[in-house]
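Shown next: query.cif, containing mmCIF, C-alpha atoms.
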data_protein
#
loop_
_atom_site.label_atom_id
_atom_site.label_comp_id
_atom_site.auth_asym_id
_atom_site.auth_seq_id
_atom_site.Cartn_x
_atom_site.Cartn_y
_atom_site.Cartn_z
CA MET A 24 -2.82 -19.85 3.48
CA GLY A 25 -2.95 -16.08 3.53
CA ALA A 26 -4.34 -13.08 5.27
CA ILE A 27 -7.84 -11.98 4.32
CA GLY A 28 -7.66 -8.86 2.19
CA THR A 29 -11.00 -7.23 2.95
CA TRP A 30 -12.96 -6.85 6.16
CA VAL A 31 -16.22 -8.78 6.04
CA ALA A 32 -19.19 -6.88 7.48
CA MET A 33 -20.44 -8.33 10.77
CA ARG A 34 -23.62 -7.64 12.72
CA ASN A 35 -24.72 -8.39 16.31
CA ILE A 36 -21.18 -8.38 17.69
CA LEU A 37 -22.11 -8.57 21.38
CA TYR A 38 -23.22 -12.02 22.54
CA SER A 39 -23.18 -11.39 26.31
CA GLY A 40 -21.71 -9.04 28.88
CA ASP A 41 -22.10 -5.45 29.97
CA ASN A 42 -18.52 -4.22 30.35
CA ILE A 43 -18.87 -1.60 27.60
CA ALA A 44 -17.04 1.72 27.34
CA LEU A 45 -16.88 4.59 24.87
CA PHE A 46 -13.63 5.46 23.08
CA THR A 47 -12.76 7.88 20.31
CA ALA A 48 -11.89 6.21 17.00
CA THR A 49 -8.73 7.73 15.52
CA THR A 50 -9.02 5.57 12.41
CA ALA A 51 -12.18 4.23 10.79
CA VAL A 52 -13.27 1.18 12.77
CA LYS A 53 -15.60 -1.65 11.70
CA ALA A 54 -17.99 -3.62 13.90
CA GLY A 55 -16.20 -6.68 15.25
CA GLN A 56 -12.68 -5.35 14.87
CA VAL A 57 -10.29 -5.71 17.79
CA VAL A 58 -9.27 -2.20 18.78
CA ALA A 59 -6.06 -1.02 20.43
CA TYR A 60 -4.13 2.05 21.38
CA HIS A 61 -1.79 3.61 18.84
CA GLY A 62 1.93 2.97 19.36
CA THR A 63 2.07 6.39 20.96
CA GLY A 64 -1.21 6.04 22.79
CA VAL A 65 -3.63 8.93 23.12
CA SER A 66 -6.04 9.17 26.06
CA ASN A 67 -9.14 7.05 25.52
CA ALA A 68 -8.51 6.92 21.76
CA ILE A 69 -8.28 3.68 19.78
CA ASN A 70 -7.40 2.33 16.33
CA LYS A 71 -8.23 -0.97 14.70
CA SER A 72 -5.49 -3.31 15.93
CA VAL A 73 -2.52 -4.29 13.75
CA LYS A 74 0.14 -6.35 15.53
CA ALA A 75 3.50 -4.57 15.92
CA SER A 76 1.86 -1.30 14.89
CA THR A 77 -0.75 -0.72 17.57
CA VAL A 78 -0.25 -1.65 21.22
CA GLY A 79 -2.43 -2.51 24.18
CA ALA A 80 -5.52 -4.10 22.65
CA ILE A 81 -8.45 -3.08 24.82
CA GLY A 82 -11.55 -4.77 23.34
CA VAL A 83 -13.82 -5.17 20.32
CA ALA A 84 -15.80 -2.45 18.52
CA LEU A 85 -19.55 -3.00 18.62
CA TYR A 86 -20.38 -0.95 15.52
CA ASP A 87 -18.78 0.94 12.64
CA ALA A 88 -17.31 4.33 13.47
CA GLY A 89 -15.65 7.05 11.42
CA VAL A 90 -12.55 8.97 12.37
CA GLY A 91 -13.06 11.23 15.38
CA VAL A 92 -16.36 9.78 16.54
CA LEU A 93 -17.20 7.75 19.63
CA VAL A 94 -17.39 3.98 19.40
CA ALA A 95 -18.71 1.53 22.01
CA VAL A 96 -16.11 -1.11 22.85
CA ALA A 97 -16.77 -4.42 24.60
CA MET A 98 -14.03 -5.08 27.14
CA ASP A 99 -12.80 -7.86 29.45
CA GLY A 100 -15.38 -10.50 30.30
CA CYS A 101 -17.73 -9.81 27.40
CA VAL A 102 -18.40 -12.50 24.81
CA VAL A 103 -18.29 -11.15 21.26
CA TYR A 104 -17.94 -12.29 17.66
CA VAL A 105 -14.49 -11.81 16.11
CA ALA A 106 -13.00 -12.63 12.70
CA ASN A 107 -10.25 -15.13 11.83
CA THR A 108 -7.45 -13.41 9.93
CA ASP A 109 -6.52 -16.34 7.73
CA ASN A 110 -8.27 -17.86 4.70
CA ALA A 111 -6.94 -21.37 5.29
CA THR A 112 -6.16 -21.80 9.00
CA THR A 113 -8.89 -22.67 11.49
CA ILE A 114 -9.07 -21.59 15.12
CA ASP A 115 -9.89 -24.19 17.78
CA ALA A 116 -12.31 -23.56 20.65
CA GLY A 117 -10.13 -22.89 23.68
CA ASP A 118 -7.32 -21.28 21.71
CA LEU A 119 -5.79 -18.17 23.19
CA LEU A 120 -6.26 -15.43 20.59
CA GLY A 121 -4.08 -12.46 19.80
CA THR A 122 -3.78 -9.55 17.40
CA THR A 123 -2.42 -10.10 13.89
CA THR A 124 -0.28 -8.20 11.39
CA ASN A 125 -3.04 -8.28 8.76
CA ALA A 126 -3.05 -4.68 7.55
CA VAL A 127 -6.83 -4.70 7.17
CA GLY A 128 -6.84 -4.51 10.96
CA GLY A 129 -8.91 -5.92 13.78
CA TYR A 130 -8.46 -9.63 13.09
CA VAL A 131 -7.41 -12.41 15.48
CA ASP A 132 -5.39 -15.60 15.28
CA ALA A 133 -4.21 -18.24 17.73
CA CYS A 134 -1.27 -17.36 19.97
CA ALA A 135 1.68 -19.73 19.91
CA MET A 136 2.44 -21.34 23.28
CA THR A 137 6.10 -21.94 22.41
CA THR A 138 8.48 -19.91 20.27
CA GLY A 139 11.61 -21.57 18.89
CA GLY A 140 14.94 -20.50 20.33
CA ALA A 141 16.33 -19.33 23.62
CA VAL A 142 14.29 -16.18 23.99
CA PRO A 143 10.64 -16.14 25.06
CA VAL A 144 8.37 -13.70 23.24
CA MET A 145 5.69 -11.47 24.69
CA VAL A 146 2.59 -11.18 22.51
CA GLU A 147 -0.63 -9.22 22.79
CA LYS A 148 -3.56 -11.44 23.74
CA VAL A 149 -7.17 -10.54 23.16
CA GLY A 150 -9.22 -13.41 24.54
CA ILE A 151 -10.17 -17.09 24.46
CA ALA A 152 -12.02 -18.62 21.51
CA LEU A 153 -15.33 -20.20 22.55
CA ASP A 154 -16.12 -21.57 19.10
CA ASP A 155 -14.23 -23.46 16.45
CA ILE A 156 -13.74 -20.64 13.94
CA ALA A 157 -13.45 -21.57 10.30
CA ALA A 158 -10.85 -20.09 7.95
CA SER A 159 -12.15 -16.70 6.77
CA GLY A 160 -14.92 -17.13 9.34
CA TYR A 161 -16.02 -15.58 12.58
CA GLY A 162 -16.99 -16.93 15.99
CA ARG A 163 -17.36 -16.16 19.67
CA MET A 164 -14.52 -15.10 21.95
CA MET A 165 -14.43 -14.17 25.63
CA ILE A 166 -12.44 -10.95 25.84
CA SER A 167 -9.38 -11.05 28.08
CA CYS A 168 -6.90 -8.43 26.94
CA GLY A 169 -3.31 -8.24 28.08
CA TYR A 170 0.00 -9.96 27.31
CA HIS A 171 0.99 -13.59 26.96
CA THR A 172 4.57 -14.80 27.21
CA THR A 173 5.41 -17.75 24.99
CA ALA A 174 7.82 -20.37 26.31
CA ASN A 175 11.27 -20.72 24.80
CA ASP A 176 12.43 -24.18 23.77
CA ALA A 177 16.19 -23.96 24.18
CA MET B 28 -0.26 -35.02 50.96
CA ALA B 29 -2.35 -36.71 48.32
CA ASP B 30 -4.91 -36.04 45.67
CA LEU B 31 -8.44 -35.51 46.91
CA GLY B 32 -10.29 -38.72 46.08
CA THR B 33 -13.86 -37.51 45.65
CA PHE B 34 -15.19 -34.19 44.42
CA PRO B 35 -17.31 -32.72 47.22
CA THR B 36 -20.88 -31.58 46.86
CA ILE B 37 -20.94 -27.77 46.82
CA ARG B 38 -24.00 -25.60 47.10
CA ASN B 39 -23.97 -21.85 46.38
CA VAL B 40 -20.99 -21.94 44.05
CA LEU B 41 -21.49 -18.34 42.92
CA CYS B 42 -20.58 -15.70 45.53
CA GLU B 43 -20.58 -12.60 43.29
CA GLY B 44 -20.73 -11.61 39.65
CA ASP B 45 -23.00 -11.87 36.64
CA ASN B 46 -20.65 -12.89 33.83
CA ILE B 47 -22.35 -16.23 33.27
CA GLY B 48 -22.27 -18.21 30.05
CA GLU B 49 -24.15 -21.30 28.90
CA PHE B 50 -22.08 -24.18 27.55
CA THR B 51 -22.78 -27.78 26.62
CA ALA B 52 -21.28 -30.38 28.97
CA THR B 53 -19.66 -33.14 26.95
CA SER B 54 -19.12 -35.25 30.06
CA THR B 55 -20.64 -35.24 33.54
CA ILE B 56 -19.83 -32.08 35.50
CA LYS B 57 -20.37 -31.25 39.18
CA ALA B 58 -21.14 -27.86 40.70
CA GLY B 59 -17.92 -26.02 41.51
CA MET B 60 -15.75 -27.84 39.01
CA VAL B 61 -13.39 -25.80 36.88
CA VAL B 62 -14.44 -26.53 33.30
CA ALA B 63 -12.31 -26.37 30.18
CA PHE B 64 -12.41 -26.99 26.48
CA ALA B 65 -11.26 -30.43 25.37
CA ALA B 66 -7.72 -30.51 23.97
CA ASN B 67 -9.28 -30.43 20.50
CA GLY B 68 -11.96 -28.00 21.58
CA LEU B 69 -15.54 -28.04 20.34
CA SER B 70 -17.62 -24.89 20.07
CA MET B 71 -19.18 -23.88 23.40
CA SER B 72 -18.52 -27.35 24.84
CA VAL B 73 -16.75 -28.06 28.14
CA ILE B 74 -15.47 -30.90 30.32
CA PRO B 75 -14.06 -31.00 33.87
CA ALA B 76 -10.58 -29.49 33.72
CA ILE B 77 -7.70 -31.95 34.16
CA LYS B 78 -4.21 -30.58 33.66
CA ALA B 79 -2.37 -31.98 30.62
CA THR B 80 -5.56 -33.66 29.44
CA SER B 81 -8.09 -30.89 28.85
CA GLY B 82 -7.38 -27.58 27.10
CA GLN B 83 -7.96 -23.98 28.13
CA PRO B 84 -10.19 -23.56 31.22
CA ILE B 85 -13.02 -21.08 30.75
CA GLY B 86 -14.71 -20.87 34.16
CA VAL B 87 -16.49 -22.74 36.96
CA ALA B 88 -19.70 -24.78 36.67
CA LEU B 89 -22.54 -23.42 38.79
CA HIS B 90 -24.55 -26.64 38.99
CA ASP B 91 -24.34 -30.35 38.26
CA ALA B 92 -24.83 -31.28 34.61
CA ALA B 93 -25.03 -34.57 32.79
CA ALA B 94 -23.29 -35.19 29.48
CA ALA B 95 -24.93 -33.36 26.57
CA SER B 96 -26.92 -31.01 28.83
CA VAL B 97 -26.47 -27.26 29.19
CA VAL B 98 -24.41 -25.97 32.11
CA SER B 99 -24.09 -22.41 33.41
CA VAL B 100 -20.48 -21.35 33.82
CA ALA B 101 -19.15 -18.41 35.84
CA MET B 102 -16.51 -16.67 33.75
CA ASP B 103 -13.92 -13.91 34.24
CA GLY B 104 -14.72 -11.50 37.04
CA CYS B 105 -17.04 -13.75 39.02
CA ILE B 106 -16.20 -14.96 42.52
CA VAL B 107 -16.94 -18.64 43.07
CA ASN B 108 -16.17 -21.51 45.44
CA VAL B 109 -13.60 -23.98 44.08
CA VAL B 110 -12.02 -27.17 45.38
CA ASN B 111 -8.38 -27.67 46.42
CA ALA B 112 -6.92 -30.64 44.53
CA ASP B 113 -4.91 -31.83 47.51
CA ASP B 114 -6.07 -33.17 50.86
CA THR B 115 -3.45 -31.31 52.89
CA ALA B 116 -1.55 -28.74 50.77
CA VAL B 117 -2.62 -25.19 51.58
CA LEU B 118 -4.02 -22.79 49.04
CA ASP B 119 -3.12 -19.34 50.27
CA ALA B 120 -5.25 -16.24 49.71
CA GLY B 121 -3.60 -14.40 46.82
CA ASP B 122 -2.26 -17.52 45.15
CA ILE B 123 -2.65 -17.69 41.38
CA VAL B 124 -4.25 -21.06 40.73
CA GLU B 125 -4.27 -23.41 37.75
CA ASP B 126 -6.00 -26.59 36.69
CA ASN B 127 -4.72 -29.76 38.37
CA ALA B 128 -3.97 -33.27 37.17
CA ASN B 129 -6.22 -34.85 39.85
CA ALA B 130 -8.31 -37.34 37.88
CA ILE B 131 -11.56 -36.48 39.67
CA GLY B 132 -11.46 -33.33 37.56
CA GLY B 133 -12.28 -29.67 38.15
CA THR B 134 -9.91 -29.01 41.05
CA VAL B 135 -7.28 -26.28 41.43
CA SER B 136 -3.79 -25.89 42.85
CA ALA B 137 -1.32 -23.04 43.23
CA VAL B 138 0.83 -22.17 40.23
CA ALA B 139 4.58 -22.41 40.69
CA LEU B 140 5.90 -18.97 39.80
CA MET B 141 9.28 -20.39 38.76
CA ASP B 142 10.31 -23.70 37.24
CA ALA B 143 13.90 -24.90 37.35
CA GLY B 144 15.87 -24.99 34.12
CA VAL B 145 16.35 -22.89 31.03
CA VAL B 146 12.90 -23.28 29.56
CA LEU B 147 9.84 -21.27 30.56
CA VAL B 148 6.60 -23.18 31.08
CA VAL B 149 3.16 -22.01 29.93
CA LYS B 150 0.31 -23.11 32.20
CA TYR B 151 -3.45 -22.64 32.21
CA GLN B 152 -4.43 -20.06 34.79
CA VAL B 153 -7.90 -20.29 36.32
CA GLY B 154 -8.00 -17.48 38.85
CA ILE B 155 -6.78 -15.91 42.08
CA MET B 156 -7.58 -17.36 45.50
CA LEU B 157 -9.42 -15.09 47.90
CA ASP B 158 -9.48 -17.53 50.84
CA ILE B 159 -7.02 -19.78 52.59
CA THR B 160 -8.04 -23.41 52.40
CA ASP B 161 -6.60 -26.87 52.78
CA GLY B 162 -8.26 -30.25 52.82
CA ALA B 163 -7.89 -30.97 56.50
CA THR B 164 -8.32 -28.04 58.83
CA VAL B 165 -9.15 -24.80 57.03
CA GLY B 166 -12.17 -24.31 54.85
CA GLY B 167 -12.67 -28.03 54.24
CA GLY B 168 -10.78 -27.82 50.99
CA ILE B 169 -13.19 -25.29 49.52
CA GLY B 170 -12.46 -21.59 49.10
CA ARG B 171 -13.43 -18.52 47.11
CA MET B 172 -11.61 -17.64 43.90
CA LEU B 173 -11.82 -14.72 41.47
CA VAL B 174 -12.19 -16.28 38.02
CA SER B 175 -9.45 -15.06 35.66
CA CYS B 176 -8.82 -17.62 32.94
CA GLY B 177 -5.94 -17.52 30.50
CA THR B 178 -2.31 -18.55 30.44
CA PHE B 179 0.49 -18.04 32.92
CA THR B 180 4.16 -18.36 32.02
CA SER B 181 6.48 -19.27 34.87
CA ALA B 182 10.01 -17.93 35.04
CA ASN B 183 13.08 -20.07 34.39
CA ASN B 184 16.09 -19.97 36.71
CA ALA B 185 19.01 -20.78 34.42
#

Write-out of the structure in structure tokens:
Amino acid sequence: MGAIGTWVAMRNILYSGDNIALFTATTAVKAGQVVAYHGTGVSNAINKSVKASTVGAIGVALYDAGVGVLVAVAMDGCVVYVANTDNATTIDAGDLLGTTTNAVGGYVDACAMTTGGAVPVMVEKVGIALDDIAASGYGRMMISCGYHTTANDA
Amino acid sequence: MADLGTFPTIRNVLCEGDNIGEFTATSTIKAGMVVAFAANGLSMSVIPAIKATSGQPIGVALHDAAAASVVSVAMDGCIVNVVNADDTAVLDAGDIVEDNANAIGGTVSAVALMDAGVVLVVKYQVGIMLDITDGATVGGGIGRMLVSCGTFTSANNA
């Protein structure tokens, strides 16, 4: 299994919902990418999300946007199409989804519920998968951004 | 205190909100039941939520639905009437609530904010209670809840 190396163009990102807001893209953003604040966040400005690089995922871009232009972002409660980061791992309907380290940006994968060891880990969550999402595929997710704390097991 | 034995008939489940989605019921669902994906979830398909049996809850059914029919589900941000899993335990306004193991399905109970021991516990959150209700004297076991589905991790104490 491995991370997808190129963003696949998506259309008709918004499935339902009206919680939409305008943000300024500080990097080029593609339709369907999860977007987040930069590590040193700037007011109302977003990047495509890359786990451990960006912070505070806020929603999903509804269309392509160049650097410095406004982009409409679907936020909490909306149902949108998002892309699975991995070319071999599937996502199950009902999985809690989070940001990924895929450098392409904007992808999702399933959040772990338990992390090995004595220390719980806080991860950025983006939403709940409503579809089974194939490897390298895309499917619907209800947006619910915030943080999820995994359980420790020792 | 004991598990509620029969899921009540609820009319006017939706109090406020318009974040409604259409899902396929894969088993019989009653109005006001919390619905969830099966443990091995199927796309856009839900069942009555039963803790430790079903998977992630996604909202509350707005009407009765037979297996294989479409059901409208109130999702995050909506305010709906839900059913207390217990016939006497109080749900307090402000309580974070989760799915419950009551076999009738679709009921809620308050989340324990801390679990004893060294290990944290991840639970399925359904929402936040807006009313006080118990099964005997207050609210008839039915109360309003803001839908806010996801996970909740309780604290350890050792």

- Message: On this structure, the PyMOL selection byres ((chain B) within 12 of (chain A)) would catch which residues? List them as a ChimeraX atom specification, sorted by chain and number.
- Response: /B:44-51,62-74,81-86,101-105,142,144-152,174-183,185

- Query: What residues come out when you apply the PyMOL selection byres ((chain B and resi 93-98) around 7) to this file, written as a ChimeraX atom specification?
  - Reply: /B:49-56,88,90-92,99-100

Those residues you just picked out, can you put them in a file as a CSV table (one decimal), keeping the file's coordinate frame with C-alpha atoms?
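Heads up, here's the output in selection.csv:
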chain,number,residue,atom,x,y,z
B,49,GLU,CA,-24.2,-21.3,28.9
B,50,PHE,CA,-22.1,-24.2,27.6
B,51,THR,CA,-22.8,-27.8,26.6
B,52,ALA,CA,-21.3,-30.4,29.0
B,53,THR,CA,-19.7,-33.1,27.0
B,54,SER,CA,-19.1,-35.2,30.1
B,55,THR,CA,-20.6,-35.2,33.5
B,56,ILE,CA,-19.8,-32.1,35.5
B,88,ALA,CA,-19.7,-24.8,36.7
B,90,HIS,CA,-24.6,-26.6,39.0
B,91,ASP,CA,-24.3,-30.4,38.3
B,92,ALA,CA,-24.8,-31.3,34.6
B,99,SER,CA,-24.1,-22.4,33.4
B,100,VAL,CA,-20.5,-21.4,33.8

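Relative to atom CA of Ala97 of chain A, atom CA of Asp122 of chain B is found at 28.4 Å.
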
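Listed by chain and then by number, the residues chosen by the PyMOL selection byres ((chain B and resi 118) around 8) in this file are Asn111, Ala116, Val117, Asp119, Ala120, Asp122, Ser136, Ala137, Met156, Asp158, Ile159, Thr160 and Asp161 of chain B.
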
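Atom CA of Ala135 of chain A is found 9.1 Å from atom CA of Leu120 of chain A.
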
Taking all atoms of segment 110-114 of chain B that the file lists, what box with edges along x, y and z, padded by 4 Å per side, do you get, with centre and edge lengths in Å to one decimal, as JSON?
{"center_x": -8.5, "center_y": -30.2, "center_z": 47.7, "size_x": 15.1, "size_y": 14.0, "size_z": 14.3}

- Query: Near Thr112 of chain A, counting all atoms listed in the file, which residues have an atom at most 9 Å away, once you skip same-chain residues fewer than 2 positions from it, shown as number ranges by chain?
  - Reply: A: 24-25, 107-110, 114, 132, 157-159

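Atom to atom, atom CA of Met33 of chain A and atom CA of His61 of chain A stand 23.6 Å apart.
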
Taking (-14.6, -8.0, 12.4) in the file's own coordinates, collect the residues within 9 Å, counting all atoms listed in the file, and hand them back as a PDB file with C-alpha atoms, keeping the file's coordinate frame.
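Full text of part_36.pdb as output:
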ATOM      1  CA  TRP A  30     -12.960  -6.850   6.160  1.00  0.00           C
ATOM      2  CA  VAL A  31     -16.220  -8.780   6.040  1.00  0.00           C
ATOM      3  CA  ALA A  32     -19.190  -6.880   7.480  1.00  0.00           C
ATOM      4  CA  MET A  33     -20.440  -8.330  10.770  1.00  0.00           C
ATOM      5  CA  ILE A  36     -21.180  -8.380  17.690  1.00  0.00           C
ATOM      6  CA  LYS A  53     -15.600  -1.650  11.700  1.00  0.00           C
ATOM      7  CA  ALA A  54     -17.990  -3.620  13.900  1.00  0.00           C
ATOM      8  CA  GLY A  55     -16.200  -6.680  15.250  1.00  0.00           C
ATOM      9  CA  GLN A  56     -12.680  -5.350  14.870  1.00  0.00           C
ATOM     10  CA  VAL A  57     -10.290  -5.710  17.790  1.00  0.00           C
ATOM     11  CA  VAL A  83     -13.820  -5.170  20.320  1.00  0.00           C
ATOM     12  CA  ALA A  84     -15.800  -2.450  18.520  1.00  0.00           C
ATOM     13  CA  TYR A 104     -17.940 -12.290  17.660  1.00  0.00           C
ATOM     14  CA  VAL A 105     -14.490 -11.810  16.110  1.00  0.00           C
ATOM     15  CA  ALA A 106     -13.000 -12.630  12.700  1.00  0.00           C
ATOM     16  CA  ASN A 107     -10.250 -15.130  11.830  1.00  0.00           C
ATOM     17  CA  GLY A 128      -6.840  -4.510  10.960  1.00  0.00           C
ATOM     18  CA  GLY A 129      -8.910  -5.920  13.780  1.00  0.00           C
ATOM     19  CA  TYR A 130      -8.460  -9.630  13.090  1.00  0.00           C
ATOM     20  CA  VAL A 131      -7.410 -12.410  15.480  1.00  0.00           C
ATOM     21  CA  TYR A 161     -16.020 -15.580  12.580  1.00  0.00           C
TER      22      TYR A 161
END

- Task: List the neighbours of Asn129 of chain B out to 12 Å using only C-alpha atoms; skip same-chain residues closer than 2 positions along the sequence, and give me the result as a ChimeraX atom specification.
- Result: /B:29-34,60-61,75-81,110-114,125-127,131-136

Dump of C-alpha atoms for the selected residues, as a JSON list (two decimals), in the coordinates of the input:
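What follows is the written file part-v8.json:
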[["chain", "number", "residue", "atom", "x", "y", "z"],
["B", 29, "ALA", "CA", -2.35, -36.71, 48.32],
["B", 30, "ASP", "CA", -4.91, -36.04, 45.67],
["B", 31, "LEU", "CA", -8.44, -35.51, 46.91],
["B", 32, "GLY", "CA", -10.29, -38.72, 46.08],
["B", 33, "THR", "CA", -13.86, -37.51, 45.65],
["B", 34, "PHE", "CA", -15.19, -34.19, 44.42],
["B", 60, "MET", "CA", -15.75, -27.84, 39.01],
["B", 61, "VAL", "CA", -13.39, -25.80, 36.88],
["B", 75, "PRO", "CA", -14.06, -31.00, 33.87],
["B", 76, "ALA", "CA", -10.58, -29.49, 33.72],
["B", 77, "ILE", "CA", -7.70, -31.95, 34.16],
["B", 78, "LYS", "CA", -4.21, -30.58, 33.66],
["B", 79, "ALA", "CA", -2.37, -31.98, 30.62],
["B", 80, "THR", "CA", -5.56, -33.66, 29.44],
["B", 81, "SER", "CA", -8.09, -30.89, 28.85],
["B", 110, "VAL", "CA", -12.02, -27.17, 45.38],
["B", 111, "ASN", "CA", -8.38, -27.67, 46.42],
["B", 112, "ALA", "CA", -6.92, -30.64, 44.53],
["B", 113, "ASP", "CA", -4.91, -31.83, 47.51],
["B", 114, "ASP", "CA", -6.07, -33.17, 50.86],
["B", 125, "GLU", "CA", -4.27, -23.41, 37.75],
["B", 126, "ASP", "CA", -6.00, -26.59, 36.69],
["B", 127, "ASN", "CA", -4.72, -29.76, 38.37],
["B", 131, "ILE", "CA", -11.56, -36.48, 39.67],
["B", 132, "GLY", "CA", -11.46, -33.33, 37.56],
["B", 133, "GLY", "CA", -12.28, -29.67, 38.15],
["B", 134, "THR", "CA", -9.91, -29.01, 41.05],
["B", 135, "VAL", "CA", -7.28, -26.28, 41.43],
["B", 136, "SER", "CA", -3.79, -25.89, 42.85]]

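Shell of Val40 of chain B at 6 Å, with only C-alpha atoms counted and residues fewer than 3 places along the chain excluded, is Gly59, Leu89, Val107 and Asn108 of chain B.
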
Just so I have it separately, write segment 87-144 of chain B from the block I sent, keeping C-alpha atoms, as a CSV table (one decimal), in the first residue's frame.
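Output contents, as saved in out.csv:
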chain,number,residue,atom,x,y,z
B,87,VAL,CA,-31.6,10.3,14.5
B,88,ALA,CA,-34.4,8.8,12.3
B,89,LEU,CA,-37.3,11.2,11.6
B,90,HIS,CA,-39.9,8.5,10.8
B,91,ASP,CA,-40.5,4.8,11.0
B,92,ALA,CA,-38.8,2.8,8.2
B,93,ALA,CA,-38.9,-0.9,7.3
B,94,ALA,CA,-35.8,-2.8,6.2
B,95,ALA,CA,-34.5,-1.8,2.8
B,96,SER,CA,-36.6,1.4,2.7
B,97,VAL,CA,-35.3,5.0,2.7
B,98,VAL,CA,-35.2,6.8,6.0
B,99,SER,CA,-34.6,10.6,6.6
B,100,VAL,CA,-32.0,11.2,9.3
B,101,ALA,CA,-31.4,14.4,11.2
B,102,MET,CA,-27.6,14.9,11.3
B,103,ASP,CA,-25.2,17.3,13.1
B,104,GLY,CA,-26.7,20.6,14.2
B,105,CYS,CA,-30.3,19.5,14.3
B,106,ILE,CA,-32.3,19.4,17.5
B,107,VAL,CA,-34.4,16.2,17.9
B,108,ASN,CA,-36.3,14.2,20.5
B,109,VAL,CA,-34.5,11.1,21.7
B,110,VAL,CA,-35.2,8.3,24.1
B,111,ASN,CA,-33.5,7.7,27.5
B,112,ALA,CA,-32.3,4.1,27.6
B,113,ASP,CA,-33.1,3.7,31.2
B,114,ASP,CA,-36.5,3.7,33.0
B,115,THR,CA,-35.3,5.7,36.0
B,116,ALA,CA,-31.8,7.1,35.4
B,117,VAL,CA,-31.9,10.9,34.8
B,118,LEU,CA,-30.5,12.5,31.7
B,119,ASP,CA,-29.5,16.0,32.7
B,120,ALA,CA,-29.6,19.0,30.3
B,121,GLY,CA,-26.0,19.5,29.2
B,122,ASP,CA,-25.0,15.9,29.4
B,123,ILE,CA,-23.0,14.5,26.5
B,124,VAL,CA,-24.8,11.4,25.4
B,125,GLU,CA,-23.7,8.2,23.6
B,126,ASP,CA,-25.3,5.1,22.1
B,127,ASN,CA,-26.5,2.6,24.6
B,128,ALA,CA,-26.4,-1.2,24.8
B,129,ASN,CA,-30.2,-1.5,25.4
B,130,ALA,CA,-31.3,-4.2,22.9
B,131,ILE,CA,-34.4,-2.3,21.8
B,132,GLY,CA,-32.0,-0.1,19.9
B,133,GLY,CA,-31.7,3.6,19.2
B,134,THR,CA,-31.6,4.9,22.8
B,135,VAL,CA,-29.1,7.2,24.5
B,136,SER,CA,-27.4,7.5,27.9
B,137,ALA,CA,-25.0,9.9,29.5
B,138,VAL,CA,-21.3,9.5,28.7
B,139,ALA,CA,-19.0,8.8,31.7
B,140,LEU,CA,-16.4,11.6,31.5
B,141,MET,CA,-13.8,9.4,33.3
B,142,ASP,CA,-13.3,5.7,33.4
B,143,ALA,CA,-11.2,4.1,36.2
B,144,GLY,CA,-7.8,2.6,35.3
